[in-house]
Each structure stands twice: as C-alpha cells, then as structure tokens.
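Raw data20.cif, mmCIF, C-alpha atoms:
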```
data_model
loop_
_atom_site.label_atom_id
_atom_site.label_comp_id
_atom_site.auth_asym_id
_atom_site.auth_seq_id
_atom_site.Cartn_x
_atom_site.Cartn_y
_atom_site.Cartn_z
CA MET T 216 1.63 -18.05 -1.63
CA ASN T 217 5.11 -17.88 -3.16
CA LEU T 218 6.73 -14.41 -2.96
CA PHE T 219 7.61 -14.40 -6.66
CA ARG T 220 4.01 -15.20 -7.67
CA ILE T 221 2.75 -12.34 -5.52
CA ILE T 222 5.30 -9.97 -7.08
CA LYS T 223 4.29 -11.13 -10.56
CA GLU T 224 0.68 -10.42 -9.60
CA ASP T 225 1.74 -6.93 -8.39
CA PHE T 226 3.17 -6.22 -11.84
CA LEU T 227 -0.11 -7.27 -13.49
CA VAL T 228 -2.38 -5.07 -11.34
CA PRO T 229 -1.68 -1.76 -13.15
CA ARG T 230 -2.91 -3.27 -16.43
CA LYS T 231 -6.29 -3.80 -14.77
CA ASN T 232 -6.47 -0.46 -12.94
CA ASP T 233 -4.76 2.09 -15.19
CA PRO T 234 -5.94 2.68 -18.76
CA ALA T 235 -2.99 5.07 -19.24
CA LEU T 236 -0.50 2.17 -19.14
CA HIS T 237 0.65 1.39 -22.68
CA SER T 238 3.81 -0.68 -22.34
CA ASN T 239 6.03 -2.73 -20.05
CA PHE T 240 8.64 0.04 -20.35
CA GLU T 241 6.22 2.49 -18.72
CA LEU T 242 5.43 -0.04 -16.01
CA LEU T 243 9.10 -0.46 -15.14
CA PHE T 244 9.99 3.24 -15.10
CA ASN T 245 6.83 5.24 -14.36
CA TYR T 246 5.04 3.37 -11.57
CA PRO T 247 6.76 4.07 -8.23
CA GLY T 248 3.79 2.66 -6.32
CA VAL T 249 4.36 -0.76 -7.89
CA TRP T 250 8.04 -0.70 -6.96
CA ALA T 251 7.21 0.42 -3.41
CA ILE T 252 4.80 -2.52 -2.99
CA ILE T 253 7.36 -4.99 -4.38
CA HIS T 254 10.08 -3.69 -2.06
CA TYR T 255 7.57 -3.80 0.80
CA ARG T 256 6.86 -7.49 0.08
CA ILE T 257 10.55 -8.31 0.47
CA ALA T 258 11.03 -6.05 3.51
CA HIS T 259 7.90 -7.45 5.20
CA ARG T 260 9.27 -10.99 4.91
CA LEU T 261 12.56 -9.83 6.44
CA TYR T 262 10.69 -7.94 9.18
CA LYS T 263 8.67 -11.03 10.14
CA LYS T 264 11.87 -13.10 10.34
CA GLY T 265 13.40 -10.62 12.80
CA TRP T 266 15.62 -8.74 10.35
CA ILE T 267 13.97 -5.49 11.41
CA LYS T 268 16.89 -3.12 10.77
CA VAL T 269 17.50 -4.55 7.30
CA ALA T 270 13.78 -4.28 6.50
CA ARG T 271 13.65 -0.69 7.73
CA PHE T 272 16.77 0.17 5.72
CA LEU T 273 15.25 -1.31 2.55
CA MET T 274 12.04 0.66 3.01
CA GLY T 275 14.01 3.82 3.82
CA LEU T 276 15.88 3.43 0.55
CA THR T 277 12.60 2.72 -1.22
CA GLN T 278 11.10 5.89 0.25
CA PHE T 279 14.06 7.89 -1.07
CA ILE T 280 13.66 6.39 -4.57
CA THR T 281 9.84 6.30 -4.88
CA ASN T 282 8.59 8.90 -2.36
CA VAL T 283 6.28 6.21 -0.95
CA ASP T 284 6.72 5.48 2.78
CA ILE T 285 5.52 2.01 3.80
CA HIS T 286 6.47 0.60 7.19
CA PRO T 287 7.62 -3.02 6.75
CA GLY T 288 5.42 -4.05 9.69
CA ALA T 289 2.22 -3.08 7.88
CA LYS T 290 0.07 -5.90 6.49
CA ILE T 291 -0.79 -5.45 2.83
CA GLY T 292 -2.93 -7.93 0.92
CA ARG T 293 -2.83 -8.99 -2.70
CA ARG T 294 -3.48 -6.83 -5.76
CA VAL T 295 -3.10 -3.55 -3.86
CA PHE T 296 -2.28 -0.76 -6.32
CA ILE T 297 -0.77 2.59 -5.40
CA ASP T 298 -1.42 4.81 -8.43
CA HIS T 299 0.77 7.90 -8.79
CA GLY T 300 2.37 6.93 -5.50
CA THR T 301 4.06 10.20 -4.58
CA GLY T 302 3.53 11.12 -0.93
CA VAL T 303 1.76 7.94 0.22
CA VAL T 304 2.41 7.02 3.87
CA ILE T 305 1.38 3.66 5.36
CA GLY T 306 2.00 3.19 9.09
CA GLU T 307 3.29 0.19 11.00
CA THR T 308 0.02 -1.33 12.24
CA THR T 309 -1.98 -0.61 9.09
CA ILE T 310 -3.86 -3.52 7.57
CA ILE T 311 -4.83 -3.32 3.90
CA GLU T 312 -6.85 -6.20 2.53
CA ASP T 313 -6.96 -7.39 -1.10
CA ASP T 314 -7.87 -5.36 -4.21
CA VAL T 315 -7.49 -1.88 -2.71
CA LEU T 316 -6.71 1.14 -4.90
CA ILE T 317 -4.76 4.00 -3.30
CA TYR T 318 -4.05 7.30 -5.05
CA GLN T 319 -1.25 9.81 -4.43
CA GLY T 320 -0.78 11.68 -1.20
CA VAL T 321 -2.77 9.26 0.97
CA THR T 322 -1.83 8.88 4.64
CA LEU T 323 -2.84 5.81 6.62
CA GLY T 324 -1.57 7.12 9.91
CA GLY T 325 -1.80 6.85 13.65
CA VAL T 326 -2.97 9.34 16.25
CA SER T 327 -1.69 7.59 19.35
CA LEU T 328 1.77 7.16 20.82
CA THR T 329 0.83 3.98 22.68
CA LYS T 330 2.03 0.56 21.55
CA GLY T 331 -0.44 -1.69 19.80
CA LYS T 332 -2.85 -1.18 16.91
CA ARG T 333 -2.93 2.52 16.12
CA HIS T 334 -3.36 2.68 12.32
CA PRO T 335 -6.39 1.99 10.12
CA THR T 336 -7.69 -1.22 8.62
CA ILE T 337 -8.79 -0.97 5.00
CA GLU T 338 -11.05 -3.83 3.97
CA LYS T 339 -11.32 -5.41 0.50
CA ASN T 340 -12.17 -3.51 -2.68
CA CYS T 341 -11.83 0.02 -1.28
CA VAL T 342 -10.75 3.08 -3.22
CA ILE T 343 -8.91 5.84 -1.36
CA GLY T 344 -8.83 9.17 -3.20
CA SER T 345 -5.88 11.50 -3.63
CA GLY T 346 -4.74 13.28 -0.50
CA ALA T 347 -7.07 11.42 1.85
CA LYS T 348 -5.93 11.10 5.46
CA ILE T 349 -7.26 8.07 7.34
CA LEU T 350 -6.12 8.35 10.93
CA GLY T 351 -6.25 6.09 13.95
CA ASP T 352 -7.33 2.54 14.68
CA ILE T 353 -10.46 2.70 12.54
CA THR T 354 -11.94 0.45 9.85
CA ILE T 355 -12.90 1.38 6.33
CA GLY T 356 -15.53 -1.19 5.38
CA GLN T 357 -15.42 -3.44 2.36
CA GLY T 358 -16.10 -1.73 -0.97
CA SER T 359 -16.09 1.80 0.47
CA LYS T 360 -14.74 4.87 -1.28
CA ILE T 361 -12.89 7.70 0.44
CA GLY T 362 -13.06 11.00 -1.43
CA ALA T 363 -10.04 13.06 -2.36
CA ASN T 364 -8.61 15.17 0.47
CA SER T 365 -11.00 13.71 3.04
CA VAL T 366 -9.91 13.39 6.65
CA VAL T 367 -11.41 10.24 8.16
CA ILE T 368 -11.22 9.64 11.92
CA GLN T 369 -14.21 7.32 12.42
CA ASP T 370 -15.16 3.93 11.03
CA VAL T 371 -16.77 3.90 7.58
CA PRO T 372 -19.35 1.15 7.00
CA SER T 373 -19.08 -1.21 4.04
CA HIS T 374 -20.12 0.05 0.60
CA CYS T 375 -20.26 3.71 1.67
CA THR T 376 -18.59 6.86 0.42
CA ALA T 377 -16.86 9.24 2.83
CA VAL T 378 -16.04 12.80 1.76
CA GLY T 379 -15.07 15.99 3.53
#
```
As structure tokens, how would this structure be written, given the file I've shared?
Amino acid sequence: MNLFRIIKEDFLVPRKNDPALHSNFELLFNYPGVWAIIHYRIAHRLYKKGWIKVARFLMGLTQFITNVDIHPGAKIGRRVFIDHGTGVVIGETTIIEDDVLIYQGVTLGGVSLTKGKRHPTIEKNCVIGSGAKILGDITIGQGSKIGANSVVIQDVPSHCTAVG
C-alpha cells in the first residue's frame, strides 16, 4: 500500500479510538503517538532500503520530540494507535499486527543479547494497558488484552486477558 495512504489512515485512527478527540488541531498538537507512528513509517522504509543510520537518526529525533522510542527495524501493521504515547518503547524485532491499541508507558522489549528475534509479537486487535511490559520472543494472541502494569514473559493465547 502507498505510504501516504497508510499515513492518512494513521491520522484517522484516533477518531475511532479516542472519544476525547474534538478537533484536527488537537490531533496535530496533542497526539505524540500518532506522530511517532508516522515518523516510524518513513524511517522503516529507509531502514529496509539500507539507510540504517538515517532511519535511526530520524527515530532518535522522534524520541526526543515525542518521548516514544520505536526502533525503525520493528514491523508495525496498519491502524496501530499509541494513545498518550509518553514512555512507549518498541524494540527492533517486535512485530505488531493490525488494529492494536497501545497505551502510555508500554515496553515491548527483549531479554536476550543474542542476534535474531528477541522481542514480542502482538497479533491483531490486541489492547495493551498502561505501563505493561511484554518481554522476550513471545506472542500475544489475537484479540487479547494485557492489563495495566502487567509484566508478561510467556505467550498469551488468543482472546485472553493477562494481568499481574
């Protein structure tokens, strides 16, 4: 799909997921998670074309501006929404499928120093609560919910809720 269509779709997602959004002005100036995703989309394209340093620089600048840290090597699907994005960290080998909602302070991190897949996979239609830490090469099944401040280190089956 065309990059500009995906970015346009990214701007439309908050209208669906956030009843507190009242205007385009708010969208442009009060949604750092949206800007982080848009910058990620550009950086990811650069990263895949071998412009790794430029992609990392762009995401470093984005982290400074938005306080959302997304590695440009991560794979993020369509209509992913980072609500109140402050403190979100998404590691290099993370895979996030379509229609995922991520709240502030979430870490999708690794626990291994070896090369290869070391970050989680988040399947479609998941909700990840504020402050949740999902660590390691694990899978959060489709439609699952991760409770606020949970630490998840094992796979979560589809359509389940993980808390604690």
Exercise. Selected by the PyMOL selection byres ((chain T and resi 334) around 7) in the shown coordinates: which residues, as a VMD selection string?
Worked result: chain T and resid 306 308 to 309 323 to 325 332 to 333 335 to 336 350 to 352
Selected residues written out with C-alpha atoms, as a CSV table (one decimal), keeping the file's coordinate frame:
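Result saved to part.csv:
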```
chain,number,residue,atom,x,y,z
T,306,GLY,CA,2.0,3.2,9.1
T,308,THR,CA,0.0,-1.3,12.2
T,309,THR,CA,-2.0,-0.6,9.1
T,323,LEU,CA,-2.8,5.8,6.6
T,324,GLY,CA,-1.6,7.1,9.9
T,325,GLY,CA,-1.8,6.8,13.6
T,332,LYS,CA,-2.8,-1.2,16.9
T,333,ARG,CA,-2.9,2.5,16.1
T,335,PRO,CA,-6.4,2.0,10.1
T,336,THR,CA,-7.7,-1.2,8.6
T,350,LEU,CA,-6.1,8.4,10.9
T,351,GLY,CA,-6.2,6.1,14.0
T,352,ASP,CA,-7.3,2.5,14.7
```
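Among T:Gly331, T:Gly344, T:Gly356, T:Gly320, the residue with the shortest atom-to-atom distance to Val304 of chain T, counting all atoms listed in the file, is T:Gly320.
Among the candidate residues T:Asn364, T:Tyr255, T:Tyr246, T:Trp266, the one lying nearest to Thr301 of chain T is T:Tyr246, with distances computed using all atoms listed in the file.
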Problem set entry | Shell of 12 Å around Ala235 of chain T, all atoms listed in the file, local chain residues under 3 positions omitted, as a PyMOL selection string | chain T and resi 229-232+238-239+241-242+245-246+298-299
For this session: Within 12 Å of (10.8, -11.1, -7.8) (coordinates as in the file), grab all the protein and nucleic acid residues, counting all atoms listed in the file, and write them out as number ranges by chain.
Result: T: 217-226, 250, 252-257
Problem set entry | atom CA of Ser359 of chain T to atom CA of Asp314 of chain T, straight-line distance in Å | 11.9 Å
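Relative to atom CA of Gly302 of chain T, atom CA of Ile353 of chain T is found at 21.2 Å.
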Problem set entry | Nearest to Val303 of chain T by atom-to-atom distance, counting only C-alpha atoms, from T:Val315, T:Ala258, T:Leu227, T:Val283 | T:Val283
Exercise. Hey, can you pull every residue with an atom no more than 8 Å from (-7.7, -5.3, 3.5), using only C-alpha atoms, and send it as an NGL selection string?
Worked result: :T and (291-292 or 310-315 or 336-340)
Exercise. Pick from T:Thr376, T:Asp370, T:Pro287, T:Gly362: nearest to Val269 of chain T, with only C-alpha atoms counted?
Worked result: T:Pro287
Taking the file above as input, evaluate the PyMOL selection byres ((chain T and resi 375) around 8) and report the hits as a PDB file with C-alpha atoms, keeping the file's coordinate frame.
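Writing the result to out_11.pdb gives the following:
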```pdb
ATOM      1  CA  GLY T 356     -15.530  -1.190   5.380  1.00  0.00           C
ATOM      2  CA  GLY T 358     -16.100  -1.730  -0.970  1.00  0.00           C
ATOM      3  CA  SER T 359     -16.090   1.800   0.470  1.00  0.00           C
ATOM      4  CA  LYS T 360     -14.740   4.870  -1.280  1.00  0.00           C
ATOM      5  CA  VAL T 371     -16.770   3.900   7.580  1.00  0.00           C
ATOM      6  CA  PRO T 372     -19.350   1.150   7.000  1.00  0.00           C
ATOM      7  CA  SER T 373     -19.080  -1.210   4.040  1.00  0.00           C
ATOM      8  CA  HIS T 374     -20.120   0.050   0.600  1.00  0.00           C
ATOM      9  CA  THR T 376     -18.590   6.860   0.420  1.00  0.00           C
ATOM     10  CA  ALA T 377     -16.860   9.240   2.830  1.00  0.00           C
TER      11      ALA T 377
END
```
Problem set entry | Closest of T:Gly379, T:Pro247, T:Gly346, T:Pro234 to Ile280 of chain T - atom-to-atom distances counting all atoms listed in the file | T:Pro247
For His286 of chain T: contacts at 7 Å, all atoms listed in the file, fewer than 6 positions along chain excluded, given as an mmCIF file with C-alpha atoms, keeping the file's coordinate frame:
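Wrote result30.cif, looks like this:
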```cif
data_model
loop_
_atom_site.group_PDB
_atom_site.id
_atom_site.type_symbol
_atom_site.label_atom_id
_atom_site.label_comp_id
_atom_site.auth_asym_id
_atom_site.auth_seq_id
_atom_site.Cartn_x
_atom_site.Cartn_y
_atom_site.Cartn_z
ATOM 1 C CA MET T 274 12.040 0.660 3.010
ATOM 2 C CA ILE T 305 1.380 3.660 5.360
ATOM 3 C CA GLY T 306 2.000 3.190 9.090
ATOM 4 C CA GLU T 307 3.290 0.190 11.000
#
```
Problem set entry | Residues matched by the PyMOL selection byres ((chain T and resi 348) around 6) as a ChimeraX atom specification | /T:321-322,347,349,366
For this session: Calculate how many Å separate atom CA of Val378 of chain T from atom CA of Ser345 of chain T, rounding to one decimal.
Result: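 Value for the atom CA of Val378 of chain T-atom CA of Ser345 of chain T distance: 11.6 Å.
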Problem set entry | Counting only C-alpha atoms, the residue of T:Ile317, T:His259, T:Val249, T:Lys330 that sits nearest Ile361 of chain T | T:Ile317
Incomplete segment 261-282 of chain T filled out to N, CA and C atoms as an mmCIF file, in the frame of the given file:
```
data_model
loop_
_atom_site.group_PDB
_atom_site.id
_atom_site.type_symbol
_atom_site.label_atom_id
_atom_site.label_comp_id
_atom_site.auth_asym_id
_atom_site.auth_seq_id
_atom_site.Cartn_x
_atom_site.Cartn_y
_atom_site.Cartn_z
ATOM 1 N N LEU T 261 11.397 -10.005 5.567
ATOM 2 C CA LEU T 261 12.560 -9.830 6.440
ATOM 3 C C LEU T 261 12.138 -9.397 7.839
ATOM 4 N N TYR T 262 11.200 -8.464 7.908
ATOM 5 C CA TYR T 262 10.690 -7.940 9.180
ATOM 6 C C TYR T 262 10.104 -9.067 10.031
ATOM 7 N N LYS T 263 9.299 -9.911 9.410
ATOM 8 C CA LYS T 263 8.670 -11.030 10.140
ATOM 9 C C LYS T 263 9.688 -12.054 10.615
ATOM 10 N N LYS T 264 10.825 -12.150 9.937
ATOM 11 C CA LYS T 264 11.870 -13.100 10.340
ATOM 12 C C LYS T 264 12.834 -12.498 11.352
ATOM 13 N N GLY T 265 12.562 -11.248 11.790
ATOM 14 C CA GLY T 265 13.400 -10.620 12.800
ATOM 15 C C GLY T 265 14.514 -9.744 12.263
ATOM 16 N N TRP T 266 14.606 -9.586 10.978
ATOM 17 C CA TRP T 266 15.620 -8.740 10.350
ATOM 18 C C TRP T 266 15.074 -7.319 10.247
ATOM 19 N N ILE T 267 14.699 -6.763 11.370
ATOM 20 C CA ILE T 267 13.970 -5.490 11.410
ATOM 21 C C ILE T 267 14.813 -4.337 10.859
ATOM 22 N N LYS T 268 16.062 -4.231 11.252
ATOM 23 C CA LYS T 268 16.890 -3.120 10.770
ATOM 24 C C LYS T 268 17.112 -3.196 9.263
ATOM 25 N N VAL T 269 17.321 -4.384 8.744
ATOM 26 C CA VAL T 269 17.500 -4.550 7.300
ATOM 27 C C VAL T 269 16.212 -4.168 6.566
ATOM 28 N N ALA T 270 15.077 -4.605 7.098
ATOM 29 C CA ALA T 270 13.780 -4.280 6.500
ATOM 30 C C ALA T 270 13.536 -2.777 6.515
ATOM 31 N N ARG T 271 13.828 -2.141 7.632
ATOM 32 C CA ARG T 271 13.650 -0.690 7.730
ATOM 33 C C ARG T 271 14.589 0.053 6.779
ATOM 34 N N PHE T 272 15.820 -0.439 6.657
ATOM 35 C CA PHE T 272 16.770 0.170 5.720
ATOM 36 C C PHE T 272 16.248 0.063 4.291
ATOM 37 N N LEU T 273 15.774 -1.122 3.907
ATOM 38 C CA LEU T 273 15.250 -1.310 2.550
ATOM 39 C C LEU T 273 14.089 -0.363 2.278
ATOM 40 N N MET T 274 13.189 -0.226 3.237
ATOM 41 C CA MET T 274 12.040 0.660 3.010
ATOM 42 C C MET T 274 12.448 2.132 3.075
ATOM 43 N N GLY T 275 13.489 2.460 3.835
ATOM 44 C CA GLY T 275 14.010 3.820 3.820
ATOM 45 C C GLY T 275 14.607 4.171 2.460
ATOM 46 N N LEU T 276 15.336 3.241 1.889
ATOM 47 C CA LEU T 276 15.880 3.430 0.550
ATOM 48 C C LEU T 276 14.758 3.523 -0.475
ATOM 49 N N THR T 277 13.758 2.682 -0.323
ATOM 50 C CA THR T 277 12.600 2.720 -1.220
ATOM 51 C C THR T 277 11.889 4.055 -1.122
ATOM 52 N N GLN T 278 11.750 4.584 0.083
ATOM 53 C CA GLN T 278 11.100 5.890 0.250
ATOM 54 C C GLN T 278 11.900 6.968 -0.478
ATOM 55 N N PHE T 279 13.207 6.910 -0.398
ATOM 56 C CA PHE T 279 14.060 7.890 -1.070
ATOM 57 C C PHE T 279 13.873 7.808 -2.596
ATOM 58 N N ILE T 280 13.766 6.594 -3.125
ATOM 59 C CA ILE T 280 13.660 6.390 -4.570
ATOM 60 C C ILE T 280 12.254 6.675 -5.091
ATOM 61 N N THR T 281 11.212 6.241 -4.356
ATOM 62 C CA THR T 281 9.840 6.300 -4.880
ATOM 63 C C THR T 281 8.979 7.390 -4.263
ATOM 64 N N ASN T 282 9.395 7.943 -3.132
ATOM 65 C CA ASN T 282 8.590 8.900 -2.360
ATOM 66 C C ASN T 282 7.304 8.264 -1.839
#
```
